[in-house]
>>> print(open('entry_4.tsv').read())   # TSV, C-alpha atoms
chain	number	residue	atom	x	y	z
G	1	MET	CA	-9.02	24.16	17.69
G	2	VAL	CA	-7.02	21.19	16.42
G	3	GLN	CA	-8.96	17.97	15.99
G	4	ARG	CA	-7.27	14.59	15.96
G	5	ILE	CA	-8.59	11.71	13.90
G	6	ARG	CA	-7.60	8.08	14.09
G	7	LEU	CA	-6.89	6.46	10.76
G	8	LEU	CA	-6.55	2.79	9.89
G	9	SER	CA	-4.99	2.45	6.46
G	10	GLY	CA	-3.35	0.12	4.03
G	11	GLY	CA	0.37	0.77	3.79
G	12	ALA	CA	0.02	2.02	0.21
G	13	ALA	CA	-1.35	5.34	1.48
G	14	GLN	CA	1.21	6.01	4.23
G	15	GLY	CA	3.48	8.21	2.15
G	16	LEU	CA	0.57	10.18	0.70
G	17	VAL	CA	-0.93	10.88	4.11
G	18	GLY	CA	2.47	11.99	5.38
G	19	GLN	CA	2.86	14.40	2.47
G	20	LEU	CA	-0.49	16.05	3.24
G	21	GLN	CA	-0.21	16.27	7.03
G	22	GLN	CA	0.96	19.89	7.21
G	23	ARG	CA	-1.57	21.11	4.65
G	24	LEU	CA	-4.35	19.30	6.47
G	25	LEU	CA	-3.36	20.92	9.77
G	26	HIS	CA	-3.11	24.44	8.34
G	27	GLU	CA	-6.22	24.32	6.16
G	28	ALA	CA	-8.57	22.13	8.19
G	29	GLY	CA	-7.06	22.06	11.68
G	30	VAL	CA	-6.90	18.26	11.58
G	31	VAL	CA	-4.09	16.01	12.76
G	32	VAL	CA	-4.07	12.41	11.57
G	33	GLU	CA	-2.90	9.70	13.93
G	34	GLY	CA	-2.45	6.87	11.49
G	35	THR	CA	-1.84	3.15	11.77
G	36	PHE	CA	-0.62	1.62	8.51
G	37	ASN	CA	-0.34	-2.05	7.66
G	38	ALA	CA	-1.69	-4.72	5.31
G	39	VAL	CA	-5.31	-3.98	4.42
G	40	GLY	CA	-6.51	-7.29	5.87
G	41	ALA	CA	-4.81	-6.51	9.17
G	42	MET	CA	-6.43	-3.06	9.28
G	43	ARG	CA	-9.86	-4.54	8.62
G	44	ASP	CA	-9.28	-7.02	11.44
G	45	LYS	CA	-8.30	-4.19	13.82
G	46	LEU	CA	-11.51	-2.34	13.03
G	47	LEU	CA	-13.64	-5.43	13.52
G	48	ALA	CA	-11.87	-6.13	16.81
G	49	GLY	CA	-12.98	-2.74	18.13
G	50	GLU	CA	-9.97	-0.52	17.42
G	51	PRO	CA	-11.07	3.15	17.68
G	52	CYS	CA	-11.28	4.60	14.19
G	53	ASP	CA	-12.51	7.76	12.51
G	54	ALA	CA	-11.40	7.07	8.93
G	55	LEU	CA	-10.27	4.12	6.84
G	56	ILE	CA	-8.25	3.78	3.65
G	57	LEU	CA	-8.50	0.25	2.29
G	58	THR	CA	-9.18	-1.44	-1.02
G	59	GLN	CA	-12.45	-0.57	-2.71
G	60	GLN	CA	-13.65	-4.15	-2.21
G	61	LEU	CA	-13.03	-4.11	1.54
G	62	ILE	CA	-14.65	-0.70	2.01
G	63	ALA	CA	-17.72	-1.87	0.10
G	64	GLN	CA	-18.00	-4.90	2.36
G	65	LEU	CA	-17.59	-2.78	5.49
G	66	ILE	CA	-20.34	-0.44	4.27
G	67	ALA	CA	-22.62	-3.42	3.68
G	68	ASP	CA	-21.88	-4.68	7.19
G	69	GLY	CA	-22.48	-1.27	8.76
G	70	HIS	CA	-18.91	-0.47	9.80
G	71	VAL	CA	-18.41	2.41	7.35
G	72	VAL	CA	-20.90	5.21	6.73
G	73	ALA	CA	-22.75	4.66	3.45
G	74	GLY	CA	-22.03	7.48	1.00
G	75	SER	CA	-18.83	8.54	2.77
G	76	ASP	CA	-16.60	6.41	0.53
G	77	VAL	CA	-14.36	8.25	-1.93
G	78	ALA	CA	-11.83	6.68	-4.32
G	79	VAL	CA	-8.30	7.93	-3.65
G	80	GLY	CA	-6.75	6.39	-6.75
G	81	VAL	CA	-5.41	3.31	-8.48
G	82	VAL	CA	-2.12	1.83	-7.30
G	83	ARG	CA	-0.19	-0.67	-9.41
G	84	THR	CA	2.13	-3.34	-8.10
G	85	GLY	CA	5.77	-2.99	-9.08
G	86	VAL	CA	9.23	-4.47	-8.81
G	87	ALA	CA	11.94	-2.71	-6.81
G	88	VAL	CA	15.72	-2.86	-6.51
G	89	LYS	CA	18.16	-1.00	-4.30
G	90	ALA	CA	18.81	2.59	-5.27
G	91	GLY	CA	21.73	2.73	-7.70
G	92	ALA	CA	21.60	-0.99	-8.50
G	93	ARG	CA	21.34	-2.33	-12.01
G	94	VAL	CA	17.69	-2.30	-13.06
G	95	PRO	CA	16.69	-5.71	-14.42
G	96	ASP	CA	14.27	-6.27	-17.26
G	97	VAL	CA	10.96	-7.44	-15.80
G	98	SER	CA	8.73	-6.45	-18.70
G	99	THR	CA	7.68	-10.00	-19.64
G	100	PRO	CA	6.92	-13.13	-17.61
G	101	ASP	CA	10.15	-14.76	-18.79
G	102	ALA	CA	12.21	-11.68	-17.95
G	103	LEU	CA	10.59	-11.41	-14.50
G	104	ARG	CA	11.24	-15.10	-13.87
G	105	ALA	CA	14.92	-14.70	-14.77
G	106	ALA	CA	15.30	-11.62	-12.56
G	107	LEU	CA	13.74	-13.36	-9.57
G	108	LEU	CA	15.85	-16.49	-10.00
G	109	ALA	CA	18.98	-14.34	-10.15
G	110	ALA	CA	18.22	-12.51	-6.91
G	111	ASP	CA	19.96	-13.26	-3.62
G	112	ALA	CA	16.81	-12.40	-1.66
G	113	ILE	CA	13.25	-11.29	-2.49
G	114	TYR	CA	11.36	-8.82	-0.29
G	115	PHE	CA	7.57	-8.52	-0.29
G	116	PRO	CA	4.59	-7.94	2.04
G	117	ASP	CA	2.45	-10.41	3.99
G	118	PRO	CA	1.29	-13.19	1.62
G	119	VAL	CA	-1.90	-13.70	3.64
G	120	LYS	CA	-3.25	-10.22	4.49
G	121	ALA	CA	-1.48	-7.79	2.13
G	122	THR	CA	-2.97	-7.25	-1.34
G	123	ALA	CA	0.40	-7.17	-3.09
G	124	GLY	CA	1.79	-10.06	-1.06
G	125	ILE	CA	-1.13	-12.33	-1.89
G	126	HIS	CA	-0.81	-11.45	-5.55
G	127	PHE	CA	2.96	-11.89	-5.64
G	128	MET	CA	2.73	-15.43	-4.31
G	129	LYS	CA	0.23	-16.22	-7.08
G	130	VAL	CA	2.72	-14.82	-9.60
G	131	LEU	CA	5.49	-17.04	-8.24
G	132	SER	CA	3.21	-20.08	-8.43
G	133	THR	CA	2.21	-19.24	-12.00
G	134	LEU	CA	5.87	-18.89	-12.94
G	135	GLY	CA	6.55	-22.26	-11.31
G	136	ILE	CA	9.34	-20.97	-9.03
G	137	ALA	CA	7.66	-20.59	-5.64
G	138	ASP	CA	9.31	-23.67	-4.14
G	139	GLU	CA	12.70	-22.97	-5.68
G	140	LEU	CA	12.75	-19.44	-4.28
G	141	GLY	CA	11.42	-20.47	-0.86
G	142	PRO	CA	14.69	-20.01	1.11
G	143	ARG	CA	15.22	-16.59	-0.46
G	144	LEU	CA	11.77	-15.18	0.22
G	145	ARG	CA	11.58	-12.41	2.85
G	146	ALA	CA	8.00	-11.57	3.87
G	147	PHE	CA	7.13	-8.62	6.13
G	148	PRO	CA	3.87	-7.31	7.64
G	149	ASN	CA	3.49	-4.67	4.91
G	150	GLY	CA	5.19	-3.36	1.80
G	151	ALA	CA	6.69	-0.27	3.45
G	152	THR	CA	8.51	-2.45	5.99
G	153	ALA	CA	9.61	-4.84	3.26
G	154	MET	CA	11.11	-1.97	1.27
G	155	ARG	CA	12.89	-0.47	4.30
G	156	GLU	CA	14.37	-3.86	5.11
G	157	MET	CA	15.43	-4.33	1.51
G	158	ALA	CA	17.11	-0.92	1.46
G	159	GLY	CA	19.23	-1.97	4.43
G	160	ALA	CA	19.85	-5.56	3.35
G	161	ALA	CA	23.41	-6.86	3.41
G	162	GLU	CA	22.93	-8.77	0.15
G	163	ALA	CA	23.73	-6.83	-3.01
G	164	GLY	CA	21.51	-8.62	-5.51
G	165	VAL	CA	18.11	-8.19	-3.89
G	166	ILE	CA	14.75	-7.53	-5.47
G	167	GLY	CA	11.32	-6.68	-4.11
G	168	CYS	CA	7.68	-6.60	-5.09
G	169	THR	CA	4.95	-4.42	-3.57
G	170	GLN	CA	2.66	-1.50	-4.32
G	171	VAL	CA	4.34	1.23	-6.38
G	172	THR	CA	3.50	3.83	-3.73
G	173	GLU	CA	5.50	1.98	-1.09
G	174	ILE	CA	8.49	1.80	-3.43
G	175	LEU	CA	8.40	5.47	-4.40
G	176	TYR	CA	8.17	6.69	-0.81
G	177	THR	CA	10.99	4.53	0.58
G	178	PRO	CA	14.52	5.98	0.54
G	179	GLY	CA	17.16	3.54	-0.64
G	180	VAL	CA	15.04	1.67	-3.17
G	181	GLN	CA	13.92	2.45	-6.70
G	182	LEU	CA	11.13	1.30	-8.97
G	183	ALA	CA	12.36	-1.03	-11.72
G	184	ASP	CA	8.98	-1.33	-13.43
G	185	VAL	CA	5.42	-2.42	-12.82
G	186	LEU	CA	4.64	-6.11	-13.14
G	187	PRO	CA	4.26	-7.46	-16.69
G	188	LYS	CA	0.83	-7.00	-18.22
G	189	GLU	CA	0.07	-10.69	-17.76
G	190	PHE	CA	0.47	-10.25	-13.99
G	191	GLU	CA	-0.80	-6.69	-13.65
G	192	LEU	CA	-2.44	-5.77	-10.36
G	193	ALA	CA	-4.13	-2.38	-10.21
G	194	THR	CA	-5.80	-1.79	-6.85
G	195	VAL	CA	-8.36	0.96	-6.23
G	196	TYR	CA	-7.85	2.45	-2.77
G	197	THR	CA	-10.90	4.04	-1.18
G	198	ALA	CA	-11.38	6.14	1.95
G	199	GLY	CA	-14.44	6.17	4.18
G	200	VAL	CA	-15.72	7.44	7.51
G	201	CYS	CA	-16.10	4.82	10.24
G	202	SER	CA	-19.61	4.36	11.60
G	203	LYS	CA	-18.36	4.71	15.19
G	204	ALA	CA	-16.14	7.74	14.44
G	205	GLN	CA	-15.77	10.18	17.30
G	206	GLN	CA	-14.72	12.90	14.84
G	207	PRO	CA	-16.84	12.23	11.73
G	208	GLN	CA	-16.70	15.80	10.39
G	209	ALA	CA	-12.92	16.00	10.72
G	210	ALA	CA	-12.62	12.56	9.11
G	211	ALA	CA	-14.76	13.74	6.18
G	212	ALA	CA	-12.60	16.88	5.82
G	213	PHE	CA	-9.48	14.71	5.75
G	214	ILE	CA	-10.92	12.45	3.06
G	215	ALA	CA	-12.04	15.42	0.96
G	216	MET	CA	-8.52	16.84	0.97
G	217	LEU	CA	-6.89	13.48	0.36
G	218	ALA	CA	-9.00	12.79	-2.73
G	219	GLY	CA	-9.52	16.39	-3.84
G	220	VAL	CA	-8.29	18.23	-6.92
G	221	GLU	CA	-5.67	20.24	-5.00
G	222	ALA	CA	-3.88	17.05	-3.92
G	223	LYS	CA	-3.91	15.51	-7.40
G	224	ALA	CA	-0.25	16.29	-8.14
G	225	VAL	CA	0.83	14.85	-4.77
G	226	ARG	CA	-1.17	11.68	-5.39
G	227	GLU	CA	0.26	11.20	-8.87
G	228	ALA	CA	3.84	11.83	-7.73
G	229	GLY	CA	3.38	9.15	-5.08
G	230	GLY	CA	2.01	6.50	-7.44
G	231	PHE	CA	-1.75	7.02	-7.20
G	232	GLU	CA	-3.31	7.09	-10.66
G	233	ALA	CA	-6.67	8.67	-11.46
>>> encode(input="entry_4.tsv", output="structure tokens")
Amino acid sequence: MVQRIRLLSGGAAQGLVGQLQQRLLHEAGVVVEGTFNAVGAMRDKLLAGEPCDALILTQQLIAQLIADGHVVAGSDVAVGVVRTGVAVKAGARVPDVSTPDALRAALLAADAIYFPDPVKATAGIHFMKVLSTLGIADELGPRLRAFPNGATAMREMAGAAEAGVIGCTQVTEILYTPGVQLADVLPKEFELATVYTAGVCSKAQQPQAAAAFIAMLAGVEAKAVREAGGFEA
């Protein structure tokens, strides 16, 4: 019998979950009905009473939700580390972004800059701090294009009319979006490596199926899929 689980997840894991859907169905008889968005927005949905069997959020948020009783203690499993990167349109010239000065020049040369929610998305919050540190946040203001999550930002960038566009979000969201390509991760001075963790919701209606999903997602057999999609051990 097929069991359906409801997943609330950060956008960084959307591509990975999609890649494993068929295997999960065939091997565990589980179908995932996922909602993907900025991690802060997913936390807020859970706290507002959204039905949920499993969560994939940052390690910090999962730990807080365990402490508050919203995630089953001991059910949390690290999925992997995701770095934040810079993207350009597929086939476009790849700019040098390997140093703060090079990144600053690339951003100033762009016609538009695509990135996720600067309030609730991990990468979006970080990117705005980078712009402030570089001293160009105000100058770039009219060219900034913020979207609810990185996957949406990358899709919009892929279809943008402007030629010289650039984006910044989690590497996973870049790699899984057709029409864009990874230029590089952020310079070491601005590095953001986020640990994503999965857990079973305390009010899960399908806790066993949720645990089976998490075990496959973070298991050895899915290692190659995780790495190909930007999740590092």
>>> residues_near_point(input="entry_4.tsv", point="(3.9, -11.4, 2.1)", cutoff="7 Å", atoms="all atoms listed in the file", output="mmCIF file with C-alpha atoms, in the coordinates of the input")
data_model
loop_
_atom_site.group_PDB
_atom_site.id
_atom_site.type_symbol
_atom_site.label_atom_id
_atom_site.label_comp_id
_atom_site.auth_asym_id
_atom_site.auth_seq_id
_atom_site.Cartn_x
_atom_site.Cartn_y
_atom_site.Cartn_z
ATOM 1 C CA PHE G 115 7.570 -8.520 -0.290
ATOM 2 C CA PRO G 116 4.590 -7.940 2.040
ATOM 3 C CA ASP G 117 2.450 -10.410 3.990
ATOM 4 C CA PRO G 118 1.290 -13.190 1.620
ATOM 5 C CA VAL G 119 -1.900 -13.700 3.640
ATOM 6 C CA ALA G 121 -1.480 -7.790 2.130
ATOM 7 C CA GLY G 124 1.790 -10.060 -1.060
ATOM 8 C CA ILE G 125 -1.130 -12.330 -1.890
ATOM 9 C CA ALA G 146 8.000 -11.570 3.870
ATOM 10 C CA PHE G 147 7.130 -8.620 6.130
ATOM 11 C CA PRO G 148 3.870 -7.310 7.640
#
>>> residues_around(input="entry_4.tsv", residues="range 91-103 of chain G", least_positions_apart="4", cutoff="9 Å", atoms="all atoms listed in the file", output="list in words")
Val86, Ala87, Leu107, Leu108, Leu134, Ala163, Gly164, Gly179, Val180, Gln181, Leu182, Ala183, Asp184, Val185, Leu186, Pro187, Lys188, Glu189 and Phe190 of chain G
>>> closest_residue(input="entry_4.tsv", among="G:Arg23, G:Lys203, G:Lys120, G:His126", to="Asn37 in chain G", atoms="all atoms listed in the file")
G:Lys120
>>> residues_around(input="entry_4.tsv", residues="Ala158 in chain G", least_positions_apart="5", cutoff="9 Å", atoms="only C-alpha atoms", output="VMD selection string")
chain G and resid 88 to 90 153 177 to 180
>>> write_last_selection(input="entry_4.tsv", atoms="C-alpha atoms", output="CSV table (one decimal), in the coordinates of the input")
chain,number,residue,atom,x,y,z
G,88,VAL,CA,15.7,-2.9,-6.5
G,89,LYS,CA,18.2,-1.0,-4.3
G,90,ALA,CA,18.8,2.6,-5.3
G,153,ALA,CA,9.6,-4.8,3.3
G,177,THR,CA,11.0,4.5,0.6
G,178,PRO,CA,14.5,6.0,0.5
G,179,GLY,CA,17.2,3.5,-0.6
G,180,VAL,CA,15.0,1.7,-3.2
>>> atom_distance(input="entry_4.tsv", atom1="CA of Gly135 in chain G", atom2="CA of Ala106 in chain G")
13.8 Å
>>> residues_around(input="entry_4.tsv", residues="Leu24 in chain G", least_positions_apart="4", cutoff="10 Å", atoms="all atoms listed in the file", output="PyMOL selection string")
chain G and resi 17+19-20+28-32+212-213+216-217
>>> closest_residue(input="entry_4.tsv", among="G:Ile174, G:Val165, G:Met128, G:Ala63", to="Ala112 in chain G", atoms="all atoms listed in the file")
G:Val165
